[in-house]
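Asks: Please find protein33.pdb (PDB, C-alpha atoms (C1' of nucleotides)) on the next line:
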```pdb
ATOM      1  CA  MET A   1      38.563  35.216  -8.624
ATOM      2  CA  PRO A   2      41.385  32.720  -9.142
ATOM      3  CA  GLY A   3      40.509  29.127  -9.848
ATOM      4  CA  THR A   4      37.147  30.116 -11.223
ATOM      5  CA  SER A   5      38.585  31.682 -14.340
ATOM      6  CA  PRO A   6      36.516  30.825 -17.359
ATOM      7  CA  ASP A   7      39.615  30.654 -19.516
ATOM      8  CA  PHE A   8      38.765  27.370 -21.119
ATOM      9  CA  THR A   9      41.608  27.573 -23.572
ATOM     10  CA  THR A  10      44.243  27.339 -20.862
ATOM     11  CA  ARG A  11      42.183  24.886 -18.824
ATOM     12  CA  LEU A  12      42.049  22.541 -21.781
ATOM     13  CA  ARG A  13      45.715  23.004 -22.527
ATOM     14  CA  ALA A  14      46.544  22.286 -18.902
ATOM     15  CA  ALA A  15      44.651  19.018 -19.291
ATOM     16  CA  GLY A  16      46.774  18.133 -22.292
ATOM     17  CA  LEU A  17      44.058  18.810 -24.838
ATOM     18  CA  ARG A  18      44.246  21.184 -27.763
ATOM     19  CA  PRO A  19      41.766  23.961 -27.289
ATOM     20  CA  THR A  20      39.826  23.488 -30.488
ATOM     21  CA  ARG A  21      36.675  25.493 -31.132
ATOM     22  CA  GLN A  22      34.514  22.481 -30.467
ATOM     23  CA  ARG A  23      36.188  21.521 -27.213
ATOM     24  CA  VAL A  24      36.072  25.092 -25.983
ATOM     25  CA  ALA A  25      32.376  25.358 -26.847
ATOM     26  CA  LEU A  26      31.636  22.101 -25.012
ATOM     27  CA  ALA A  27      33.803  23.054 -22.045
ATOM     28  CA  ARG A  28      31.944  26.334 -21.787
ATOM     29  CA  LEU A  29      28.606  24.533 -21.670
ATOM     30  CA  LEU A  30      29.881  22.023 -19.157
ATOM     31  CA  PHE A  31      31.988  24.082 -16.796
ATOM     32  CA  GLU A  32      30.710  27.626 -16.987
ATOM     33  CA  GLY A  33      27.908  27.456 -14.443
ATOM     34  CA  GLU A  34      26.881  25.058 -11.719
ATOM     35  CA  HIS A  35      27.888  21.423 -11.623
ATOM     36  CA  ARG A  36      25.827  19.333 -13.950
ATOM     37  CA  HIS A  37      25.071  15.861 -15.288
ATOM     38  CA  VAL A  38      24.883  15.343 -19.014
ATOM     39  CA  THR A  39      24.461  12.575 -21.521
ATOM     40  CA  ALA A  40      26.121  12.713 -24.917
ATOM     41  CA  GLU A  41      22.784  13.164 -26.642
ATOM     42  CA  GLY A  42      21.760  15.894 -24.248
ATOM     43  CA  LEU A  43      24.958  17.842 -24.640
ATOM     44  CA  HIS A  44      24.766  17.464 -28.385
ATOM     45  CA  ALA A  45      21.234  18.865 -28.405
ATOM     46  CA  GLU A  46      22.452  21.746 -26.299
ATOM     47  CA  VAL A  47      25.419  22.638 -28.447
ATOM     48  CA  ARG A  48      23.105  22.833 -31.453
ATOM     49  CA  GLY A  49      21.834  26.091 -30.015
ATOM     50  CA  THR A  50      25.319  27.473 -30.540
ATOM     51  CA  ARG A  51      26.675  29.183 -33.638
ATOM     52  CA  LEU A  52      29.336  26.497 -34.017
ATOM     53  CA  PRO A  53      28.067  23.160 -35.267
ATOM     54  CA  VAL A  54      29.493  20.184 -33.392
ATOM     55  CA  SER A  55      28.918  16.625 -34.496
ATOM     56  CA  LEU A  56      27.701  13.887 -32.203
ATOM     57  CA  ALA A  57      30.947  11.983 -32.717
ATOM     58  CA  THR A  58      32.873  14.978 -31.446
ATOM     59  CA  VAL A  59      30.663  15.206 -28.385
ATOM     60  CA  TYR A  60      31.424  11.564 -27.611
ATOM     61  CA  ASN A  61      35.127  12.102 -28.246
ATOM     62  CA  ALA A  62      35.230  15.169 -26.048
ATOM     63  CA  LEU A  63      33.311  13.570 -23.196
ATOM     64  CA  ASN A  64      35.645  10.588 -23.200
ATOM     65  CA  GLN A  65      38.720  12.788 -23.389
ATOM     66  CA  PHE A  66      37.491  15.085 -20.631
ATOM     67  CA  ARG A  67      36.793  12.055 -18.477
ATOM     68  CA  ASP A  68      40.238  10.590 -19.194
ATOM     69  CA  ALA A  69      41.797  13.941 -18.358
ATOM     70  CA  GLY A  70      39.967  14.024 -15.024
ATOM     71  CA  LEU A  71      37.726  16.933 -15.978
ATOM     72  CA  LEU A  72      34.617  14.777 -15.844
ATOM     73  CA  ARG A  73      33.491  11.699 -14.038
ATOM     74  CA  GLU A  74      31.408   9.015 -15.655
ATOM     75  CA  VAL A  75      28.471   7.754 -13.636
ATOM     76  CA  VAL A  76      26.864   4.445 -14.464
ATOM     77  CA  VAL A  77      23.349   4.283 -13.120
ATOM     78  CA  ALA A  78      21.171   2.922 -15.880
ATOM     79  CA  PRO A  79      21.845   0.236 -18.444
ATOM     80  CA  GLY A  80      22.553   1.567 -21.908
ATOM     81  CA  ARG A  81      23.192   5.197 -21.080
ATOM     82  CA  SER A  82      26.200   7.037 -19.688
ATOM     83  CA  TYR A  83      26.020  10.146 -17.576
ATOM     84  CA  PHE A  84      28.933  12.504 -17.170
ATOM     85  CA  ASP A  85      29.277  14.573 -14.039
ATOM     86  CA  THR A  86      31.171  17.865 -13.959
ATOM     87  CA  ASN A  87      31.667  17.371 -10.244
ATOM     88  CA  THR A  88      34.803  15.276  -9.938
ATOM     89  CA  GLY A  89      35.106  15.654  -6.180
ATOM     90  CA  HIS A  90      34.038  13.112  -3.581
ATOM     91  CA  HIS A  91      30.301  12.772  -3.622
ATOM     92  CA  HIS A  92      27.528  10.309  -4.265
ATOM     93  CA  HIS A  93      24.282  10.204  -6.207
ATOM     94  CA  PHE A  94      20.561  10.089  -5.962
ATOM     95  CA  PHE A  95      19.010   8.476  -8.970
ATOM     96  CA  VAL A  96      15.302   9.046  -9.544
ATOM     97  CA  GLU A  97      14.274   5.773 -11.076
ATOM     98  CA  PRO A  98      11.676   6.191 -13.737
ATOM     99  CA  ASP A  99      12.836   9.505 -15.199
ATOM    100  CA  GLY A 100      16.584   9.006 -15.021
ATOM    101  CA  GLU A 101      17.225  12.197 -13.064
ATOM    102  CA  LEU A 102      20.504  12.343 -11.213
ATOM    103  CA  HIS A 103      21.396  14.483  -8.197
ATOM    104  CA  ASP A 104      24.643  14.863  -6.328
ATOM    105  CA  PHE A 105      24.993  14.749  -2.642
ATOM    106  CA  PRO A 106      28.224  15.465  -0.781
ATOM    107  CA  SER A 107      30.071  12.617   0.858
ATOM    108  CA  ASP A 108      31.027  14.843   3.804
ATOM    109  CA  LYS A 109      28.446  13.489   6.179
ATOM    110  CA  VAL A 110      28.327  10.011   4.714
ATOM    111  CA  THR A 111      30.477   7.374   6.309
ATOM    112  CA  ILE A 112      30.760   3.835   5.126
ATOM    113  CA  ALA A 113      32.158   1.414   7.661
ATOM    114  CA  GLY A 114      32.946  -2.257   7.495
ATOM    115  CA  LEU A 115      33.801  -2.566   3.832
ATOM    116  CA  PRO A 116      35.724  -5.766   3.196
ATOM    117  CA  ALA A 117      39.256  -5.639   1.830
ATOM    118  CA  PRO A 118      39.586  -5.681  -1.966
ATOM    119  CA  PRO A 119      40.038  -9.131  -3.505
ATOM    120  CA  LYS A 120      43.602 -10.384  -3.707
ATOM    121  CA  GLY A 121      45.696  -8.701  -6.333
ATOM    122  CA  THR A 122      43.440  -5.661  -6.654
ATOM    123  CA  ARG A 123      43.598  -2.181  -5.224
ATOM    124  CA  LEU A 124      40.699   0.087  -4.460
ATOM    125  CA  SER A 125      39.743   2.449  -7.236
ATOM    126  CA  ARG A 126      36.540   4.126  -6.106
ATOM    127  CA  VAL A 127      33.449   3.533  -4.028
ATOM    128  CA  ASP A 128      30.207   4.516  -5.674
ATOM    129  CA  VAL A 129      27.069   4.909  -3.637
ATOM    130  CA  ILE A 130      23.865   5.218  -5.617
ATOM    131  CA  VAL A 131      20.706   5.912  -3.691
ATOM    132  CA  ARG A 132      17.854   4.885  -5.914
ATOM    133  CA  VAL A 133      14.544   6.546  -5.215
ATOM    134  CA  ARG A 134      11.086   6.387  -6.736
ATOM    135  CA  ARG A 135       8.306   8.955  -7.054
TER     136      ARG A 135
ATOM    137  CA  MET B 136      15.632 -30.089   2.503
ATOM    138  CA  PRO B 137      12.774 -27.618   2.321
ATOM    139  CA  GLY B 138      13.373 -24.256   0.708
ATOM    140  CA  THR B 139      16.194 -25.650  -1.362
ATOM    141  CA  SER B 140      13.890 -27.734  -3.504
ATOM    142  CA  PRO B 141      14.996 -27.650  -7.100
ATOM    143  CA  ASP B 142      11.389 -27.830  -8.229
ATOM    144  CA  PHE B 143      11.674 -25.051 -10.717
ATOM    145  CA  THR B 144       8.235 -25.686 -12.129
ATOM    146  CA  THR B 145       6.509 -24.735  -8.907
ATOM    147  CA  ARG B 146       8.981 -21.961  -8.191
ATOM    148  CA  LEU B 147       8.184 -20.364 -11.507
ATOM    149  CA  ARG B 148       4.471 -20.822 -11.045
ATOM    150  CA  ALA B 149       4.714 -19.260  -7.610
ATOM    151  CA  ALA B 150       6.341 -16.265  -9.254
ATOM    152  CA  GLY B 151       3.414 -15.971 -11.628
ATOM    153  CA  LEU B 152       5.287 -17.342 -14.614
ATOM    154  CA  ARG B 153       4.300 -20.289 -16.724
ATOM    155  CA  PRO B 154       6.868 -23.015 -16.363
ATOM    156  CA  THR B 155       7.789 -23.376 -19.992
ATOM    157  CA  ARG B 156      10.680 -25.605 -21.023
ATOM    158  CA  GLN B 157      12.872 -22.618 -21.746
ATOM    159  CA  ARG B 158      12.186 -20.871 -18.482
ATOM    160  CA  VAL B 159      12.753 -24.055 -16.534
ATOM    161  CA  ALA B 160      16.044 -24.661 -18.334
ATOM    162  CA  LEU B 161      17.207 -21.128 -17.607
ATOM    163  CA  ALA B 162      16.030 -21.270 -14.005
ATOM    164  CA  ARG B 163      17.971 -24.484 -13.541
ATOM    165  CA  LEU B 164      21.141 -22.839 -14.814
ATOM    166  CA  LEU B 165      20.605 -19.772 -12.695
ATOM    167  CA  PHE B 166      19.318 -21.136  -9.431
ATOM    168  CA  GLU B 167      20.590 -24.684  -9.133
ATOM    169  CA  GLY B 168      24.017 -24.029  -7.637
ATOM    170  CA  GLU B 169      25.711 -21.121  -5.951
ATOM    171  CA  HIS B 170      24.694 -17.526  -6.431
ATOM    172  CA  ARG B 171      25.924 -16.108  -9.667
ATOM    173  CA  HIS B 172      26.162 -13.086 -11.939
ATOM    174  CA  VAL B 173      25.234 -13.461 -15.573
ATOM    175  CA  THR B 174      24.828 -11.378 -18.672
ATOM    176  CA  ALA B 175      22.258 -12.214 -21.324
ATOM    177  CA  GLU B 176      24.958 -13.188 -23.790
ATOM    178  CA  GLY B 177      26.703 -15.333 -21.214
ATOM    179  CA  LEU B 178      23.578 -17.186 -20.196
ATOM    180  CA  HIS B 179      22.661 -17.702 -23.819
ATOM    181  CA  ALA B 180      26.070 -19.208 -24.534
ATOM    182  CA  GLU B 181      25.595 -21.464 -21.541
ATOM    183  CA  VAL B 182      22.153 -22.717 -22.453
ATOM    184  CA  ARG B 183      23.494 -23.682 -25.866
ATOM    185  CA  GLY B 184      25.203 -26.573 -24.137
ATOM    186  CA  THR B 185      21.771 -27.902 -23.288
ATOM    187  CA  ARG B 186      19.595 -30.221 -25.342
ATOM    188  CA  LEU B 187      16.895 -27.594 -25.580
ATOM    189  CA  PRO B 188      17.655 -24.679 -27.894
ATOM    190  CA  VAL B 189      16.745 -21.301 -26.440
ATOM    191  CA  SER B 190      16.876 -18.132 -28.490
ATOM    192  CA  LEU B 191      18.651 -14.990 -27.337
ATOM    193  CA  ALA B 192      15.342 -13.112 -27.330
ATOM    194  CA  THR B 193      13.947 -15.645 -24.897
ATOM    195  CA  VAL B 194      16.964 -15.250 -22.634
ATOM    196  CA  TYR B 195      16.360 -11.515 -22.548
ATOM    197  CA  ASN B 196      12.653 -12.017 -21.937
ATOM    198  CA  ALA B 197      13.277 -14.492 -19.154
ATOM    199  CA  LEU B 198      15.904 -12.358 -17.434
ATOM    200  CA  ASN B 199      13.602  -9.355 -17.457
ATOM    201  CA  GLN B 200      10.654 -11.404 -16.233
ATOM    202  CA  PHE B 201      12.707 -13.054 -13.491
ATOM    203  CA  ARG B 202      13.898  -9.645 -12.390
ATOM    204  CA  ASP B 203      10.375  -8.234 -12.408
ATOM    205  CA  ALA B 204       9.231 -11.225 -10.401
ATOM    206  CA  GLY B 205      11.938 -10.621  -7.817
ATOM    207  CA  LEU B 206      13.887 -13.760  -8.669
ATOM    208  CA  LEU B 207      16.863 -11.773  -9.944
ATOM    209  CA  ARG B 208      18.354  -8.401  -9.284
ATOM    210  CA  GLU B 209      19.801  -6.269 -12.041
ATOM    211  CA  VAL B 210      23.169  -4.716 -11.315
ATOM    212  CA  VAL B 211      24.346  -1.757 -13.336
ATOM    213  CA  VAL B 212      28.107  -1.412 -13.138
ATOM    214  CA  ALA B 213      29.337  -0.811 -16.650
ATOM    215  CA  PRO B 214      27.847   1.200 -19.464
ATOM    216  CA  GLY B 215      26.185  -0.865 -22.145
ATOM    217  CA  ARG B 216      25.947  -4.156 -20.342
ATOM    218  CA  SER B 217      23.535  -5.514 -17.760
ATOM    219  CA  TYR B 218      24.422  -8.054 -15.125
ATOM    220  CA  PHE B 219      21.829 -10.131 -13.353
ATOM    221  CA  ASP B 220      22.477 -11.379  -9.864
ATOM    222  CA  THR B 221      20.787 -14.464  -8.470
ATOM    223  CA  ASN B 222      21.381 -13.116  -5.002
ATOM    224  CA  THR B 223      18.401 -10.890  -4.301
ATOM    225  CA  GLY B 224      19.222 -10.368  -0.628
ATOM    226  CA  HIS B 225      20.945  -7.356   0.891
ATOM    227  CA  HIS B 226      24.481  -7.176  -0.313
ATOM    228  CA  HIS B 227      26.872  -5.044  -2.295
ATOM    229  CA  HIS B 228      29.422  -5.512  -5.058
ATOM    230  CA  PHE B 229      33.058  -5.492  -5.933
ATOM    231  CA  PHE B 230      33.619  -4.688  -9.552
ATOM    232  CA  VAL B 231      37.012  -5.507 -11.033
ATOM    233  CA  GLU B 232      37.424  -2.715 -13.523
ATOM    234  CA  PRO B 233      39.145  -3.851 -16.647
ATOM    235  CA  ASP B 234      37.727  -7.366 -16.895
ATOM    236  CA  GLY B 235      34.179  -6.694 -15.737
ATOM    237  CA  GLU B 236      34.232  -9.323 -13.013
ATOM    238  CA  LEU B 237      31.638  -8.911 -10.314
ATOM    239  CA  HIS B 238      31.729 -10.255  -6.754
ATOM    240  CA  ASP B 239      29.178 -10.046  -3.988
ATOM    241  CA  PHE B 240      29.928  -9.071  -0.491
ATOM    242  CA  PRO B 241      27.406  -9.211   2.335
ATOM    243  CA  SER B 242      26.027  -5.985   3.728
ATOM    244  CA  ASP B 243      26.032  -7.432   7.278
ATOM    245  CA  LYS B 244      29.148  -5.653   8.397
ATOM    246  CA  VAL B 245      28.710  -2.619   6.184
ATOM    247  CA  THR B 246      27.037   0.406   7.682
ATOM    248  CA  ILE B 247      26.292   3.586   5.834
ATOM    249  CA  ALA B 248      25.610   6.579   8.026
ATOM    250  CA  GLY B 249      24.667  10.131   7.237
ATOM    251  CA  LEU B 250      22.768   9.578   4.019
ATOM    252  CA  PRO B 251      20.627  12.600   3.232
ATOM    253  CA  ALA B 252      16.856  12.282   3.017
ATOM    254  CA  PRO B 253      15.434  11.432  -0.435
ATOM    255  CA  PRO B 254      14.446  14.440  -2.552
ATOM    256  CA  LYS B 255      10.918  15.749  -1.995
ATOM    257  CA  GLY B 256       8.222  13.547  -3.422
ATOM    258  CA  THR B 257      10.394  10.465  -3.643
ATOM    259  CA  ARG B 258      10.781   7.417  -1.458
ATOM    260  CA  LEU B 259      13.843   5.300  -1.072
ATOM    261  CA  SER B 260      14.058   2.326  -3.358
ATOM    262  CA  ARG B 261      17.516   0.847  -2.833
ATOM    263  CA  VAL B 262      21.048   1.808  -1.933
ATOM    264  CA  ASP B 263      23.709   0.358  -4.189
ATOM    265  CA  VAL B 264      27.310   0.331  -3.112
ATOM    266  CA  ILE B 265      29.811  -0.545  -5.809
ATOM    267  CA  VAL B 266      33.414  -0.889  -4.762
ATOM    268  CA  ARG B 267      35.473  -0.509  -7.909
ATOM    269  CA  VAL B 268      38.897  -2.092  -7.823
ATOM    270  CA  ARG B 269      41.769  -2.421 -10.277
ATOM    271  CA  ARG B 270      44.403  -5.081 -10.769
TER     272      ARG B 270
ATOM    273  C1'  DT C 271      -7.798 -36.685 -24.562
ATOM    274  C1'  DG C 272      -8.846 -33.142 -27.594
ATOM    275  C1'  DC C 273      -9.863 -28.440 -28.311
ATOM    276  C1'  DA C 274     -10.059 -23.562 -27.701
ATOM    277  C1'  DG C 275      -7.984 -19.665 -25.774
ATOM    278  C1'  DT C 276      -4.033 -17.535 -24.211
ATOM    279  C1'  DT C 277       0.833 -17.092 -23.523
ATOM    280  C1'  DT C 278       5.409 -17.949 -25.060
ATOM    281  C1'  DT C 279       9.007 -18.657 -28.337
ATOM    282  C1'  DT C 280      11.433 -17.619 -32.368
ATOM    283  C1'  DA C 281      14.130 -15.617 -36.320
ATOM    284  C1'  DG C 282      15.010 -11.735 -37.945
ATOM    285  C1'  DA C 283      14.338  -6.871 -38.310
ATOM    286  C1'  DA C 284      14.576  -2.723 -35.798
ATOM    287  C1'  DC C 285      16.303   0.336 -32.518
ATOM    288  C1'  DT C 286      19.533   2.840 -29.245
ATOM    289  C1'  DG C 287      23.714   4.281 -27.718
ATOM    290  C1'  DT C 288      28.440   4.350 -28.904
ATOM    291  C1'  DT C 289      32.681   3.754 -31.641
ATOM    292  C1'  DC C 290      35.111   3.506 -36.010
ATOM    293  C1'  DT C 291      36.781   5.116 -40.667
ATOM    294  C1'  DA C 292      38.974   7.838 -43.845
ATOM    295  C1'  DA C 293      38.871  12.230 -45.819
ATOM    296  C1'  DA C 294      38.637  17.287 -44.935
ATOM    297  C1'  DC C 295      40.053  20.595 -41.809
ATOM    298  C1'  DA C 296      42.224  23.319 -38.031
ATOM    299  C1'  DA C 297      45.876  24.007 -34.671
ATOM    300  C1'  DC C 298      50.651  24.297 -33.627
ATOM    301  C1'  DT C 299      55.773  24.713 -35.127
ATOM    302  C1'  DT C 300      59.215  26.532 -37.893
TER     303       DT C 300
ATOM    304  C1'  DA D 301      53.422  30.412 -45.274
ATOM    305  C1'  DA D 302      54.403  25.475 -45.389
ATOM    306  C1'  DG D 303      54.577  21.282 -43.118
ATOM    307  C1'  DT D 304      53.308  18.361 -39.470
ATOM    308  C1'  DT D 305      50.266  16.641 -36.476
ATOM    309  C1'  DG D 306      45.953  16.304 -34.167
ATOM    310  C1'  DT D 307      40.881  17.024 -34.651
ATOM    311  C1'  DT D 308      36.395  16.995 -36.758
ATOM    312  C1'  DT D 309      33.002  15.062 -39.587
ATOM    313  C1'  DA D 310      29.359  12.244 -41.958
ATOM    314  C1'  DG D 311      28.254   8.109 -42.370
ATOM    315  C1'  DA D 312      29.046   3.299 -41.753
ATOM    316  C1'  DA D 313      29.648  -0.081 -38.380
ATOM    317  C1'  DC D 314      28.946  -2.141 -34.070
ATOM    318  C1'  DA D 315      27.038  -3.983 -29.518
ATOM    319  C1'  DG D 316      23.447  -4.771 -26.675
ATOM    320  C1'  DT D 317      18.645  -4.926 -26.340
ATOM    321  C1'  DT D 318      13.798  -4.793 -27.782
ATOM    322  C1'  DC D 319      10.221  -5.463 -31.181
ATOM    323  C1'  DT D 320       7.317  -8.041 -34.652
ATOM    324  C1'  DA D 321       4.378 -11.321 -36.432
ATOM    325  C1'  DA D 322       3.866 -16.046 -37.122
ATOM    326  C1'  DA D 323       4.508 -20.751 -35.225
ATOM    327  C1'  DA D 324       4.557 -23.495 -31.137
ATOM    328  C1'  DA D 325       3.463 -24.714 -26.468
ATOM    329  C1'  DC D 326       1.016 -24.345 -22.109
ATOM    330  C1'  DT D 327      -3.506 -24.451 -19.610
ATOM    331  C1'  DG D 328      -8.303 -25.148 -18.548
ATOM    332  C1'  DC D 329     -12.292 -27.316 -19.756
ATOM    333  C1'  DA D 330     -15.272 -30.351 -22.022
TER     334       DA D 330
END
```
Would you mind giving the structure from this file in structure tokens?

Replies:
Amino acid sequence: MPGTSPDFTTRLRAAGLRPTRQRVALARLLFEGEHRHVTAEGLHAEVRGTRLPVSLATVYNALNQFRDAGLLREVVVAPGRSYFDTNTGHHHHFFVEPDGELHDFPSDKVTIAGLPAPPKGTRLSRVDVIVRVRR
Amino acid sequence: MPGTSPDFTTRLRAAGLRPTRQRVALARLLFEGEHRHVTAEGLHAEVRGTRLPVSLATVYNALNQFRDAGLLREVVVAPGRSYFDTNTGHHHHFFVEPDGELHDFPSDKVTIAGLPAPPKGTRLSRVDVIVRVRR
DNA sequence: TGCAGTTTTTAGAACTGTTCTAAACAACTT
DNA sequence: AAGTTGTTTAGAACAGTTCTAAAAACTGCA
């Protein structure tokens, strides 16, 4: 099953990151199963259930490095809290307002027409669509 | 010129807010001219140029109350900082990435097709489109 | 207008999420 | 194995925001 290999050591190395125990442990949590959305606090709580202790600072470091390396995407939906998304492909988000739940939806079917040109001297970086819903 | 009346006292009262000196001063800064985007810190710095001293806590209180009253719209574009937009109508945003500049663009011409239905048990609240650009 | 009742403001403390610091440690190179 | 470099860590520091309790201001009513 090529491309799905859970060889996190080489995946990290390929991203230009040393495969330390901590990074491998975090990568395993993040990339082993289905796509997921995590916060630093949440991932830190999760890694506590592991043999290897990982500090909160390391979780923050790793999340930022993974994002910079293109392994994660940061999603800004609520003030004062960052979500990281293991799905780095083209897609958008549902955000369930009071609870802070986040769900992906594919951008396949979604078309956005009529966007104005970027302001002078800027180039397009990304278009985020956040569909906010309430219970 | 009806509808453009700068009678902030009655506008605040209509929104269910007591027209205190501080709120009137802030409303004047926010709603007197063109539409604008402010942060709490920015508005606080601005009101310092006024006769009336207004504390940072009051700026936060007022921004939150104005938003709850529908006078402002909160825009979440960057982690750890809230922007408030005096334009509460339908529109979207350009966000210039490194500097944190925010620009409106009307949603008139923009059409979004193919959005999936909200998850079960939720109803649509708002669709935010953020076009991120870089210099 | 003066007074009572309620809301608002304020300074500062508290809190939350995130980054920094400098020392201990682990990974790579030879 | 030793040396070099990069990483982790606890805790301090920081930024943005909210809370607290007391003082001040708004409002309605006599």

Asks: Quick one: apply the PyMOL selection byres ((chain D) within 10 of (chain B)) to the file and drop the selected residues here as a PyMOL selection string.

Replies: chain D and resi 315-319+325-327

Asks: Translate the PyMOL selection byres ((chain A and resi 100) around 12), as applied to the file shown, into an explicit residue set as number ranges by chain.

Replies: A: 37-39, 76-83, 93-99, 101-103, 132-135

Asks: Any chance you could work out the axis-aligned box around range 303-319 of chain D, listed atoms only, 3 Å on each side, giving centre and edge lengths in Å to one decimal, as JSON?

Replies:
```
{"center_x": 32.4, "center_y": 7.9, "center_z": -34.7, "size_x": 50.4, "size_y": 32.7, "size_z": 22.8}
```

Asks: Would you kindly translate the PyMOL selection byres ((chain B) within 6 of (chain A)) into the concrete residues it picks from this file, as a PDB file with C-alpha atoms, keeping the file's coordinate frame?

Replies:
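Output file expr26.pdb follows:
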```pdb
ATOM      1  CA  PRO B 214      27.847   1.200 -19.464  1.00  0.00           C
ATOM      2  CA  GLY B 215      26.185  -0.865 -22.145  1.00  0.00           C
ATOM      3  CA  LYS B 244      29.148  -5.653   8.397  1.00  0.00           C
ATOM      4  CA  VAL B 245      28.710  -2.619   6.184  1.00  0.00           C
ATOM      5  CA  THR B 246      27.037   0.406   7.682  1.00  0.00           C
ATOM      6  CA  ILE B 247      26.292   3.586   5.834  1.00  0.00           C
ATOM      7  CA  ALA B 248      25.610   6.579   8.026  1.00  0.00           C
ATOM      8  CA  GLY B 249      24.667  10.131   7.237  1.00  0.00           C
ATOM      9  CA  LEU B 250      22.768   9.578   4.019  1.00  0.00           C
ATOM     10  CA  GLY B 256       8.222  13.547  -3.422  1.00  0.00           C
ATOM     11  CA  THR B 257      10.394  10.465  -3.643  1.00  0.00           C
ATOM     12  CA  ARG B 258      10.781   7.417  -1.458  1.00  0.00           C
ATOM     13  CA  LEU B 259      13.843   5.300  -1.072  1.00  0.00           C
ATOM     14  CA  SER B 260      14.058   2.326  -3.358  1.00  0.00           C
ATOM     15  CA  ARG B 261      17.516   0.847  -2.833  1.00  0.00           C
ATOM     16  CA  VAL B 262      21.048   1.808  -1.933  1.00  0.00           C
ATOM     17  CA  ASP B 263      23.709   0.358  -4.189  1.00  0.00           C
ATOM     18  CA  VAL B 264      27.310   0.331  -3.112  1.00  0.00           C
ATOM     19  CA  ILE B 265      29.811  -0.545  -5.809  1.00  0.00           C
ATOM     20  CA  VAL B 266      33.414  -0.889  -4.762  1.00  0.00           C
ATOM     21  CA  ARG B 267      35.473  -0.509  -7.909  1.00  0.00           C
ATOM     22  CA  VAL B 268      38.897  -2.092  -7.823  1.00  0.00           C
ATOM     23  CA  ARG B 269      41.769  -2.421 -10.277  1.00  0.00           C
ATOM     24  CA  ARG B 270      44.403  -5.081 -10.769  1.00  0.00           C
TER      25      ARG B 270
END
```

Asks: Nearest residue to chain C out of B:Thr185, B:Ser190, B:Thr223, B:Thr145, using only C-alpha atoms (C1' of nucleotides)?

Replies: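 Comparing B:Thr185, B:Ser190, B:Thr223, B:Thr145 against chain C, the winner is B:Ser190.
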
Asks: Find, counting all atoms listed in the file, the residue in A:His35, A:Leu17, A:Gly70, A:Glu46 that gets nearest to chain C.

Replies: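 Going through A:His35, A:Leu17, A:Gly70, A:Glu46 one by one, the smallest distance to chain C is for A:Leu17.
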
Asks: Calculate how many Å separate CA of Leu187 in chain B from CA of Leu207 in chain B, rounding to one decimal.

Replies: 22.2 Å

Asks: Using all atoms listed in the file, which residues sit within 12 Å of Arg146 in chain B once same-chain residues fewer than 6 positions away are excluded, as a VMD selection string?

Replies: chain B and resid 138 to 140 152 to 155 158 to 159 162 to 163 166 to 167 201 204 to 206

Asks: Please identify every residue of chain C that has at least one atom no farther than 8 Å from an atom of chain B, counting all atoms listed in the file, and for each give the shortest atom pair and the distance in Å to one decimal, arranged by chain then increasing number, as a tab-separated table.

Replies:
```
residue	atom	partner	partner_atom	distance
C:DT278	C1'	B:Thr155	CA	7.8
C:DT279	C1'	B:Thr193	CA	6.7
C:DT280	C1'	B:Ser190	CA	6.7
C:DG287	C1'	B:Gly215	CA	8.0
```

Asks: Which value, in Å to one decimal, gives the distance between CA of Asn222 in chain B and CA of Asp104 in chain A?

Replies: 28.2 Å

Asks: Can you work out which one of A:Gln65, A:Leu30, A:Leu43, A:Pro53 has the shortest atom-to-atom distance to Ala15 in chain A, counting all atoms listed in the file?

Replies: A:Gln65

Asks: As an exercise, work out the distance from CA of Asp220 in chain B to CA of Arg171 in chain B in Å and give it to one decimal place.

Replies: 5.9 Å

Asks: Quick one: residues within 12 Å of DA292 in chain C, only C-alpha atoms (C1' of nucleotides) counted, chain neighbours fewer than 2 positions away excluded, as a ChimeraX atom specification?

Replies: /C:290,294 /D:308-312

Asks: Quick one: residues within 10 Å of DT320 in chain D, all atoms listed in the file counted, chain neighbours fewer than 5 positions away excluded, as a ChimeraX atom specification?

Replies: /C:282-284

Asks: Write the residues you've just listed into a file as a tab-separated table (two decimals), in the coordinates of the input, and include C-alpha atoms (C1' of nucleotides) for each of them.

Replies:
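Below is the file result_30.tsv, written as the result:
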```
chain	number	residue	atom	x	y	z
C	282	DG	C1'	15.01	-11.74	-37.94
C	283	DA	C1'	14.34	-6.87	-38.31
C	284	DA	C1'	14.58	-2.72	-35.80
```

Asks: I want to know what sits within 12 Å of DA330 in chain D, based on only C-alpha atoms (C1' of nucleotides), with residues of the same chain fewer than 3 positions away left out; could you give that as a PyMOL selection string?

Replies: chain C and resi 271-274
